[in-house]
Structures are given as C-alpha cells and as structure tokens.
file coords36.pdb (PDB, C-alpha atoms)
ATOM      1  CA  MET A   1      -1.309  11.985 -48.284
ATOM      2  CA  LEU A   2       0.794  13.851 -45.741
ATOM      3  CA  LYS A   3       3.151  16.689 -46.669
ATOM      4  CA  VAL A   4       6.329  16.242 -44.624
ATOM      5  CA  ASP A   5       9.920  17.436 -44.178
ATOM      6  CA  LEU A   6      12.225  15.268 -42.076
ATOM      7  CA  HIS A   7      15.466  17.260 -41.830
ATOM      8  CA  ILE A   8      15.129  20.650 -40.152
ATOM      9  CA  HIS A   9      17.283  22.815 -37.881
ATOM     10  CA  THR A  10      16.055  25.598 -35.599
ATOM     11  CA  GLY A  11      17.536  28.174 -33.257
ATOM     12  CA  GLU A  12      17.680  25.536 -30.520
ATOM     13  CA  ASP A  13      20.458  23.723 -32.431
ATOM     14  CA  PRO A  14      23.605  23.343 -30.284
ATOM     15  CA  VAL A  15      25.954  23.603 -33.289
ATOM     16  CA  ASP A  16      24.546  26.001 -35.893
ATOM     17  CA  ARG A  17      23.482  29.567 -35.163
ATOM     18  CA  ILE A  18      20.001  29.883 -36.674
ATOM     19  CA  SER A  19      17.690  32.883 -36.469
ATOM     20  CA  HIS A  20      14.275  31.168 -36.340
ATOM     21  CA  SER A  21      12.837  29.324 -33.356
ATOM     22  CA  ALA A  22      10.960  26.034 -33.381
ATOM     23  CA  CYS A  23       7.681  27.955 -32.978
ATOM     24  CA  ASP A  24       8.571  30.182 -35.943
ATOM     25  CA  LEU A  25       9.091  26.989 -37.931
ATOM     26  CA  VAL A  26       5.710  25.586 -36.874
ATOM     27  CA  ASP A  27       3.940  28.778 -37.930
ATOM     28  CA  ARG A  28       5.610  28.773 -41.347
ATOM     29  CA  ALA A  29       4.950  25.065 -41.892
ATOM     30  CA  VAL A  30       1.256  25.444 -41.104
ATOM     31  CA  THR A  31       1.011  28.334 -43.566
ATOM     32  CA  LEU A  32       2.551  26.121 -46.281
ATOM     33  CA  GLY A  33       0.215  23.211 -45.597
ATOM     34  CA  PHE A  34       2.640  20.780 -43.980
ATOM     35  CA  ASP A  35       1.243  17.903 -41.938
ATOM     36  CA  ALA A  36       4.398  16.619 -40.211
ATOM     37  CA  LEU A  37       7.987  17.706 -39.555
ATOM     38  CA  ALA A  38      11.069  16.336 -37.847
ATOM     39  CA  ILE A  39      13.254  18.861 -36.042
ATOM     40  CA  THR A  40      16.688  17.264 -36.320
ATOM     41  CA  LEU A  41      19.215  19.232 -34.319
ATOM     42  CA  HIS A  42      22.862  18.211 -34.432
ATOM     43  CA  ASP A  43      23.553  15.508 -31.846
ATOM     44  CA  SER A  44      20.693  16.686 -29.638
ATOM     45  CA  GLN A  45      17.122  15.443 -29.853
ATOM     46  CA  PHE A  46      14.613  18.278 -29.617
ATOM     47  CA  ASN A  47      12.208  17.546 -26.766
ATOM     48  CA  ASP A  48      10.499  20.757 -25.665
ATOM     49  CA  PRO A  49       6.932  19.612 -24.775
ATOM     50  CA  ARG A  50       5.599  23.165 -25.172
ATOM     51  CA  VAL A  51       6.548  23.183 -28.846
ATOM     52  CA  PHE A  52       5.114  19.702 -29.417
ATOM     53  CA  ASP A  53       1.863  20.921 -27.831
ATOM     54  CA  TYR A  54       1.907  24.117 -29.889
ATOM     55  CA  ALA A  55       2.355  22.135 -33.089
ATOM     56  CA  ARG A  56      -0.376  19.671 -32.140
ATOM     57  CA  GLU A  57      -2.808  22.515 -31.463
ATOM     58  CA  ARG A  58      -2.145  23.794 -34.986
ATOM     59  CA  GLY A  59      -2.636  20.385 -36.605
ATOM     60  CA  LEU A  60       1.047  19.646 -37.182
ATOM     61  CA  VAL A  61       2.753  16.397 -36.103
ATOM     62  CA  LEU A  62       6.334  16.656 -34.816
ATOM     63  CA  ILE A  63       8.391  13.487 -35.188
ATOM     64  CA  PRO A  64      11.248  13.053 -32.688
ATOM     65  CA  GLY A  65      14.535  13.159 -34.541
ATOM     66  CA  VAL A  66      18.214  14.021 -34.501
ATOM     67  CA  GLU A  67      21.024  14.522 -36.996
ATOM     68  CA  ARG A  68      23.486  12.250 -35.225
ATOM     69  CA  THR A  69      27.214  12.127 -35.859
ATOM     70  CA  VAL A  70      28.089   8.438 -36.231
ATOM     71  CA  GLU A  71      31.773   7.640 -36.715
ATOM     72  CA  GLY A  72      32.223  11.170 -38.045
ATOM     73  CA  LYS A  73      29.307  10.955 -40.513
ATOM     74  CA  HIS A  74      25.866  12.547 -40.317
ATOM     75  CA  VAL A  75      22.860  10.227 -40.045
ATOM     76  CA  LEU A  76      19.193  11.074 -39.476
ATOM     77  CA  LEU A  77      17.592   9.017 -36.696
ATOM     78  CA  LEU A  78      13.815   9.417 -36.469
ATOM     79  CA  ASN A  79      11.386   8.275 -33.785
ATOM     80  CA  PHE A  80      13.897   6.556 -31.517
ATOM     81  CA  PRO A  81      14.001   6.917 -27.699
ATOM     82  CA  GLU A  82      16.041   9.969 -26.753
ATOM     83  CA  ASP A  83      18.317   8.172 -24.282
ATOM     84  CA  ALA A  84      19.117   5.458 -26.840
ATOM     85  CA  VAL A  85      19.938   8.011 -29.541
ATOM     86  CA  ALA A  86      22.370   9.773 -27.220
ATOM     87  CA  SER A  87      24.465   6.599 -26.931
ATOM     88  CA  ALA A  88      24.543   5.812 -30.685
ATOM     89  CA  ARG A  89      28.123   6.617 -31.652
ATOM     90  CA  THR A  90      28.963   3.797 -34.075
ATOM     91  CA  PHE A  91      27.160   2.075 -36.932
ATOM     92  CA  ASP A  92      26.971  -1.028 -34.740
ATOM     93  CA  ASP A  93      25.172   1.080 -32.135
ATOM     94  CA  VAL A  94      22.685   2.201 -34.786
ATOM     95  CA  ALA A  95      22.086  -1.418 -35.821
ATOM     96  CA  LYS A  96      21.316  -2.337 -32.200
ATOM     97  CA  LEU A  97      19.055   0.699 -31.904
ATOM     98  CA  LYS A  98      17.054  -0.389 -34.949
ATOM     99  CA  ALA A  99      16.719  -3.942 -33.610
ATOM    100  CA  GLN A 100      15.179  -2.644 -30.382
ATOM    101  CA  SER A 101      12.703  -0.012 -31.655
ATOM    102  CA  ASN A 102      10.553   1.098 -34.576
ATOM    103  CA  GLY A 103      12.442   4.175 -35.703
ATOM    104  CA  ILE A 104      13.982   4.731 -39.123
ATOM    105  CA  VAL A 105      17.419   5.719 -40.391
ATOM    106  CA  ILE A 106      17.858   8.132 -43.308
ATOM    107  CA  ALA A 107      21.057   9.031 -45.166
ATOM    108  CA  PRO A 108      21.176  12.852 -45.435
ATOM    109  CA  HIS A 109      23.083  14.668 -48.231
ATOM    110  CA  ALA A 110      24.942  11.384 -48.688
ATOM    111  CA  PHE A 111      27.179  12.294 -51.624
ATOM    112  CA  PHE A 112      27.734  15.987 -51.043
ATOM    113  CA  PRO A 113      31.379  17.160 -50.939
ATOM    114  CA  ASP A 114      31.797  17.359 -47.182
ATOM    115  CA  LYS A 115      33.670  15.102 -44.771
ATOM    116  CA  SER A 116      30.511  14.628 -42.679
ATOM    117  CA  CYS A 117      28.678  12.986 -45.614
ATOM    118  CA  LEU A 118      28.451   9.209 -45.835
ATOM    119  CA  HIS A 119      29.910   8.467 -49.298
ATOM    120  CA  SER A 120      31.422   4.938 -49.192
ATOM    121  CA  ARG A 121      30.051   4.313 -45.693
ATOM    122  CA  LEU A 122      26.605   4.168 -47.261
ATOM    123  CA  ASP A 123      27.541   1.072 -49.266
ATOM    124  CA  ALA A 124      29.310  -0.469 -46.290
ATOM    125  CA  HIS A 125      26.179  -0.129 -44.117
ATOM    126  CA  ALA A 126      23.422  -0.146 -46.744
ATOM    127  CA  ASP A 127      21.176  -2.474 -44.723
ATOM    128  CA  LEU A 128      20.963   0.082 -41.892
ATOM    129  CA  PHE A 129      19.267   2.726 -44.011
ATOM    130  CA  ASP A 130      15.553   2.858 -44.707
ATOM    131  CA  ALA A 131      15.798   5.793 -47.109
ATOM    132  CA  ILE A 132      18.147   8.296 -48.677
ATOM    133  CA  GLU A 133      17.612  12.034 -48.840
ATOM    134  CA  TRP A 134      17.110  14.287 -51.839
ATOM    135  CA  SER A 135      18.238  17.627 -50.417
ATOM    136  CA  TYR A 136      17.032  21.164 -51.121
ATOM    137  CA  PHE A 137      20.601  22.147 -52.036
ATOM    138  CA  TRP A 138      20.733  21.739 -55.819
ATOM    139  CA  THR A 139      20.483  23.637 -59.085
ATOM    140  CA  ARG A 140      20.138  22.511 -62.693
ATOM    141  CA  ALA A 141      23.888  22.931 -63.102
ATOM    142  CA  VAL A 142      25.060  21.328 -59.842
ATOM    143  CA  ASN A 143      23.158  18.383 -58.357
ATOM    144  CA  PHE A 144      24.795  16.015 -55.872
ATOM    145  CA  ASN A 145      21.379  14.429 -55.307
ATOM    146  CA  ALA A 146      21.480  12.639 -58.656
ATOM    147  CA  ARG A 147      23.932  10.085 -57.293
ATOM    148  CA  ALA A 148      21.677   9.538 -54.261
ATOM    149  CA  ALA A 149      18.748   8.792 -56.578
ATOM    150  CA  ARG A 150      20.833   6.234 -58.511
ATOM    151  CA  TRP A 151      21.917   4.601 -55.248
ATOM    152  CA  ALA A 152      18.294   4.374 -54.100
ATOM    153  CA  ARG A 153      17.245   2.647 -57.320
ATOM    154  CA  GLU A 154      20.159   0.207 -57.150
ATOM    155  CA  HIS A 155      19.428  -0.733 -53.530
ATOM    156  CA  GLY A 156      15.638  -0.614 -53.532
ATOM    157  CA  LYS A 157      15.461   2.228 -51.017
ATOM    158  CA  ALA A 158      12.985   5.061 -50.696
ATOM    159  CA  ILE A 159      13.931   8.642 -51.536
ATOM    160  CA  VAL A 160      12.699  11.330 -49.158
ATOM    161  CA  GLY A 161      12.708  14.999 -50.058
ATOM    162  CA  ASN A 162      14.088  17.166 -47.241
ATOM    163  CA  SER A 163      15.086  20.800 -46.867
ATOM    164  CA  ASP A 164      18.006  20.420 -44.412
ATOM    165  CA  LEU A 165      16.502  23.696 -43.310
ATOM    166  CA  HIS A 166      18.675  26.418 -41.806
ATOM    167  CA  ASP A 167      16.648  29.307 -43.270
ATOM    168  CA  LEU A 168      12.846  29.466 -43.410
ATOM    169  CA  ARG A 169      13.019  30.370 -47.110
ATOM    170  CA  GLN A 170      14.015  26.752 -47.767
ATOM    171  CA  LEU A 171      10.749  25.275 -46.519
ATOM    172  CA  GLY A 172       8.464  23.936 -49.235
ATOM    173  CA  ARG A 173      10.845  23.764 -52.195
ATOM    174  CA  THR A 174      11.831  20.126 -51.516
ATOM    175  CA  TYR A 175       9.590  17.864 -49.405
ATOM    176  CA  SER A 176       7.856  14.462 -49.364
ATOM    177  CA  THR A 177       4.297  13.211 -49.493
ATOM    178  CA  ILE A 178       3.614  10.060 -47.517
ATOM    179  CA  ASP A 179       0.638   7.714 -47.630
ATOM    180  CA  ALA A 180       0.046   7.241 -43.900
ATOM    181  CA  PRO A 181      -2.039   8.304 -40.921
ATOM    182  CA  ALA A 182      -0.710  11.415 -39.187
ATOM    183  CA  ASP A 183       1.361   9.909 -36.378
ATOM    184  CA  PRO A 184       5.115   9.226 -36.091
ATOM    185  CA  GLU A 185       4.879   5.405 -36.015
ATOM    186  CA  SER A 186       2.716   5.280 -39.136
ATOM    187  CA  ILE A 187       4.866   7.790 -41.008
ATOM    188  CA  CYS A 188       8.018   5.799 -40.280
ATOM    189  CA  ALA A 189       6.341   2.543 -41.283
ATOM    190  CA  ALA A 190       5.218   4.091 -44.578
ATOM    191  CA  ILE A 191       8.765   5.185 -45.388
ATOM    192  CA  ARG A 192      10.092   1.698 -44.635
ATOM    193  CA  ASP A 193       7.440   0.322 -47.012
ATOM    194  CA  GLY A 194       8.305   2.845 -49.728
ATOM    195  CA  ARG A 195       4.981   4.700 -49.570
ATOM    196  CA  VAL A 196       6.683   8.047 -50.045
ATOM    197  CA  VAL A 197       7.137  10.385 -53.014
ATOM    198  CA  HIS A 198       9.681  13.196 -53.060
ATOM    199  CA  HIS A 199       8.849  16.548 -54.628
ATOM    200  CA  THR A 200      11.565  18.998 -55.548
ATOM    201  CA  GLU A 201      12.524  21.892 -57.768
ATOM    202  CA  PRO A 202      15.935  23.437 -58.409
ATOM    203  CA  VAL A 203      16.817  26.395 -56.231
ATOM    204  CA  PRO A 204      17.388  29.731 -57.979
ATOM    205  CA  VAL A 205      21.117  30.423 -57.850
ATOM    206  CA  PHE A 206      20.731  33.720 -56.005
ATOM    207  CA  GLU A 207      18.570  32.147 -53.284
ATOM    208  CA  LEU A 208      20.928  29.187 -52.880
ATOM    209  CA  ALA A 209      23.956  31.462 -52.724
ATOM    210  CA  ASP A 210      22.323  33.686 -50.124
ATOM    211  CA  VAL A 211      21.108  30.777 -47.952
ATOM    212  CA  PHE A 212      24.472  29.031 -48.097
ATOM    213  CA  ALA A 213      26.394  32.247 -47.465
ATOM    214  CA  ARG A 214      24.400  33.028 -44.351
ATOM    215  CA  MET A 215      24.785  29.435 -43.118
ATOM    216  CA  THR A 216      28.545  29.776 -43.501
ATOM    217  CA  LEU A 217      28.851  33.212 -41.973
ATOM    218  CA  ARG A 218      26.742  32.356 -38.917
ATOM    219  CA  SER A 219      29.616  30.193 -37.737
ATOM    220  CA  HIS A 220      31.688  33.379 -37.230
ATOM    221  CA  LYS A 221      31.806  35.005 -33.804
ATOM    222  CA  ARG A 222      31.716  38.553 -35.179
ATOM    223  CA  PRO A 223      28.547  40.188 -36.561
ATOM    224  CA  ILE A 224      27.664  39.460 -40.178
ATOM    225  CA  MET A 225      28.377  42.519 -42.320
ATOM    226  CA  ALA A 226      26.755  43.333 -45.658
ATOM    227  CA  HIS A 227      30.036  42.995 -47.531
ATOM    228  CA  ASP A 228      30.527  39.502 -46.030
ATOM    229  CA  VAL A 229      27.202  38.360 -47.445
ATOM    230  CA  ARG A 230      27.907  39.882 -50.865
ATOM    231  CA  ALA A 231      31.299  38.172 -51.040
ATOM    232  CA  ALA A 232      29.911  34.801 -49.975
ATOM    233  CA  ARG A 233      27.091  35.043 -52.509
ATOM    234  CA  ARG A 234      29.597  35.702 -55.285
ATOM    235  CA  ALA A 235      31.732  32.753 -54.197
ATOM    236  CA  VAL A 236      28.786  30.346 -54.300
ATOM    237  CA  ALA A 237      27.297  31.685 -57.532
ATOM    238  CA  ASP A 238      30.654  31.715 -59.363
ATOM    239  CA  PRO A 239      33.238  29.463 -57.650
ATOM    240  CA  GLY A 240      35.770  30.066 -60.405
ATOM    241  CA  ALA A 241      35.899  33.741 -59.631
ATOM    242  CA  ALA A 242      37.138  33.209 -56.071
TER
END

call {"tool": "encode", "arguments": {"input": "coords36.pdb", "output": "structure tokens"}}
result
Amino acid sequence: MLKVDLHIHTGEDPVDRISHSACDLVDRAVTLGFDALAITLHDSQFNDPRVFDYARERGLVLIPGVERTVEGKHVLLLNFPEDAVASARTFDDVAKLKAQSNGIVIAPHAFFPDKSCLHSRLDAHADLFDAIEWSYFWTRAVNFNARAARWAREHGKAIVGNSDLHDLRQLGRTYSTIDAPADPESICAAIRDGRVVHHTEPVPVFELADVFARMTLRSHKRPIMAHDVRAARRAVADPGAA
C-alpha cells in the first residue's frame, strides 16, 4: 500500500506565495513515510527534472499534476501531458483530454465556500471525475468534506485524502493509501478502480487558524506582521467575533 498526497503547492507556485521549496517538500515527505506525491501548482504543471530526480533518489514518486482553472473552477489534473493540460480551459477540453490519455481528474475542495469550488458544476460534469477530495481543512465543528463524502457514495466515486498543502505542517494529517505499484500510471489506474482509502483527522483549531491566516496574509504585498497573524487567527477561530 502506498502512502500518497495528490494536492500540494510549493514555492514554485505562480499564484500563491509559499515559503517551502519542492525539495523541502520531498525531504519532509520522506521523513513522514510517503511513497508518492503530486505537486499541483495553480495553472502551471511542475516539471523541474532536478526535483523529480531528487525525489526518485530518495524513493519518492512524483506524479505530474496541476490545479487547473476550468471555467472559473479548480480541478486537479494528474498524469496528463503538460502541453495538453495547458490548453484545457473548458470542461469539454477536459473530456477530450481524458479520451486521449490515461490521466485522472479529481474534484478538490468541491463544496467549500469559495467561488473557485465546483459546487453544482460537479453534478453537471460528474462523468468527468474519477474521484473527489477529502481536504485537510476541517474540524469537528466545521466540515465541508462531509458533503463531498455523500456525493462520492451517491455517484460511486473514490474519495482521496489530500492536504491542499500550503504549509509543511499540513503534510500527513490527511492522505490516502493506494493499492498499486509505485509509478504514476498504476497509481492513477488504482484510483479509477477505487483501490484507495482516505485517512484523515480533524485539525486542531489553533493550527488550522494559523495555517489559514498565513495563507491569506501571504497574498499581501507588505511584510506579514505579528499583529496581522494574531488578528487572522482570531477571525478564523471565532468568526462571530470579527
């Protein structure tokens, strides 16, 4: 059984400002016993051969992937040719992409309260998706993943546990185990066949608030100040107090 995470951002991301590099990620993943990862930058497929070689030398498989914006919604595309992914702008494009290659399509954070999340588009294009994500971002009190799990059961789709990692502290709290040989083609085939189990635990509120606050504040041009982080933590931990 392979320990995997299929939704990860690194400092090479063209959209989000992230403090860790792809090599930092590889080192942390190896320490935590991961067998395979997908680095899924926003609208840019990670392709640095030096990092793929570095991961391979350490016994870690990197699966080509991207978090692609399709008709304004985020979609994970894994193990597709880079040039084909770059031209996938509509759900029809994604359907053509799937017909021509052996990659898989995953619905990330599908029912979270953000305009980039799929919501009703998931039902409209259900046949396109091989799996739906259970995301790191949940607590016992607030869990937008529950609706994703119901949707998966209703549609006979696999659930994959992913971190949507922007902070290395996220790695290992939510992940998947997959019954497959350690190569991208086999891992994708196993997910299509449902040979995947997601593992997850709720995030302590303080950790979630801190991770989310730093994600939010990194979008600012000015330096992050201590009082910014404290205020953002309070807003996440107690929305009613804002």

call {"tool": "resolve_selection", "arguments": {"input": "coords36.pdb", "expression": "the PyMOL selection byres ((chain A and resi 153-160) around 6)", "output": "ChimeraX atom specification"}}
result
/A:131-134,150-152,161,176,194,198

call {"tool": "closest_residue", "arguments": {"input": "coords36.pdb", "among": "A:His119, A:Ala84, A:Ala182, A:Gln45", "to": "Gly59 of chain A", "atoms": "only C-alpha atoms"}}
result
A:Ala182

call {"tool": "residues_around", "arguments": {"input": "coords36.pdb", "residues": "Phe112 of chain A", "least_positions_apart": "4", "cutoff": "9 Å", "atoms": "all atoms listed in the file", "output": "JSON, numbers by chain"}}
result
{"A": [116, 117, 118, 119, 143, 144, 145]}

call {"tool": "closest_residue", "arguments": {"input": "coords36.pdb", "among": "A:Leu32, A:Asp123, A:Asn162, A:Ala95", "to": "Leu6 of chain A", "atoms": "all atoms listed in the file"}}
result
A:Asn162

call {"tool": "atom_distance", "arguments": {"input": "coords36.pdb", "atom1": "atom CA of Ala107 of chain A", "atom2": "atom CA of Leu2 of chain A"}}
result
20.8 Å

call {"tool": "closest_residue", "arguments": {"input": "coords36.pdb", "among": "A:Asp114, A:Asp43, A:Glu82, A:Asp210", "to": "Asp167 of chain A", "atoms": "all atoms listed in the file"}}
result
A:Asp210

call {"tool": "resolve_selection", "arguments": {"input": "coords36.pdb", "expression": "the PyMOL selection byres ((chain A and resi 56) around 12)", "output": "MDAnalysis selection string"}}
result
chainID A and resid 23 26:27 30 35:37 49:55 57:63 182:183

call {"tool": "atom_distance", "arguments": {"input": "coords36.pdb", "atom1": "atom CA of His9 of chain A", "atom2": "atom CA of Ala38 of chain A"}}
result
9.0 Å

call {"tool": "atom_distance", "arguments": {"input": "coords36.pdb", "atom1": "atom CA of Phe80 of chain A", "atom2": "atom CA of Glu185 of chain A"}}
result
10.1 Å

call {"tool": "closest_residue", "arguments": {"input": "coords36.pdb", "among": "A:Phe111, A:Phe91, A:Trp138, A:Phe206", "to": "Ala124 of chain A", "atoms": "all atoms listed in the file"}}
result
A:Phe91

call {"tool": "closest_residue", "arguments": {"input": "coords36.pdb", "among": "A:Leu217, A:Ala180, A:Arg147, A:Arg140", "to": "Pro204 of chain A", "atoms": "only C-alpha atoms"}}
result
A:Arg140

call {"tool": "residues_near_point", "arguments": {"input": "coords36.pdb", "point": "(7.3, 8.6, -44.6)", "cutoff": "8 Å", "atoms": "all atoms listed in the file", "output": "PyMOL selection string"}}
result
chain A and resi 4+160+176-180+186-192+194-196

call {"tool": "write_last_selection", "arguments": {"input": "coords36.pdb", "atoms": "C-alpha atoms", "output": "tab-separated table (two decimals), keeping the file's coordinate frame"}}
result
chain	number	residue	atom	x	y	z
A	4	VAL	CA	6.33	16.24	-44.62
A	160	VAL	CA	12.70	11.33	-49.16
A	176	SER	CA	7.86	14.46	-49.36
A	177	THR	CA	4.30	13.21	-49.49
A	178	ILE	CA	3.61	10.06	-47.52
A	179	ASP	CA	0.64	7.71	-47.63
A	180	ALA	CA	0.05	7.24	-43.90
A	186	SER	CA	2.72	5.28	-39.14
A	187	ILE	CA	4.87	7.79	-41.01
A	188	CYS	CA	8.02	5.80	-40.28
A	189	ALA	CA	6.34	2.54	-41.28
A	190	ALA	CA	5.22	4.09	-44.58
A	191	ILE	CA	8.76	5.18	-45.39
A	192	ARG	CA	10.09	1.70	-44.64
A	194	GLY	CA	8.30	2.84	-49.73
A	195	ARG	CA	4.98	4.70	-49.57
A	196	VAL	CA	6.68	8.05	-50.04

call {"tool": "closest_residue", "arguments": {"input": "coords36.pdb", "among": "A:Ala88, A:Ala149, A:Leu77, A:Leu168", "to": "Phe129 of chain A", "atoms": "only C-alpha atoms"}}
result
A:Leu77

call {"tool": "residues_near_point", "arguments": {"input": "coords36.pdb", "point": "(22.9, 28.4, -37.2)", "cutoff": "7 Å", "atoms": "all atoms listed in the file", "output": "MDAnalysis selection string"}}
result
chainID A and resid 11 15:19 166 215 218:219

call {"tool": "residues_around", "arguments": {"input": "coords36.pdb", "residues": "Gly172 of chain A", "least_positions_apart": "5", "cutoff": "9 Å", "atoms": "only C-alpha atoms", "output": "list in words"}}
result
Asp5, Ala29, Leu32, Phe34, Ser163 and Thr200 of chain A
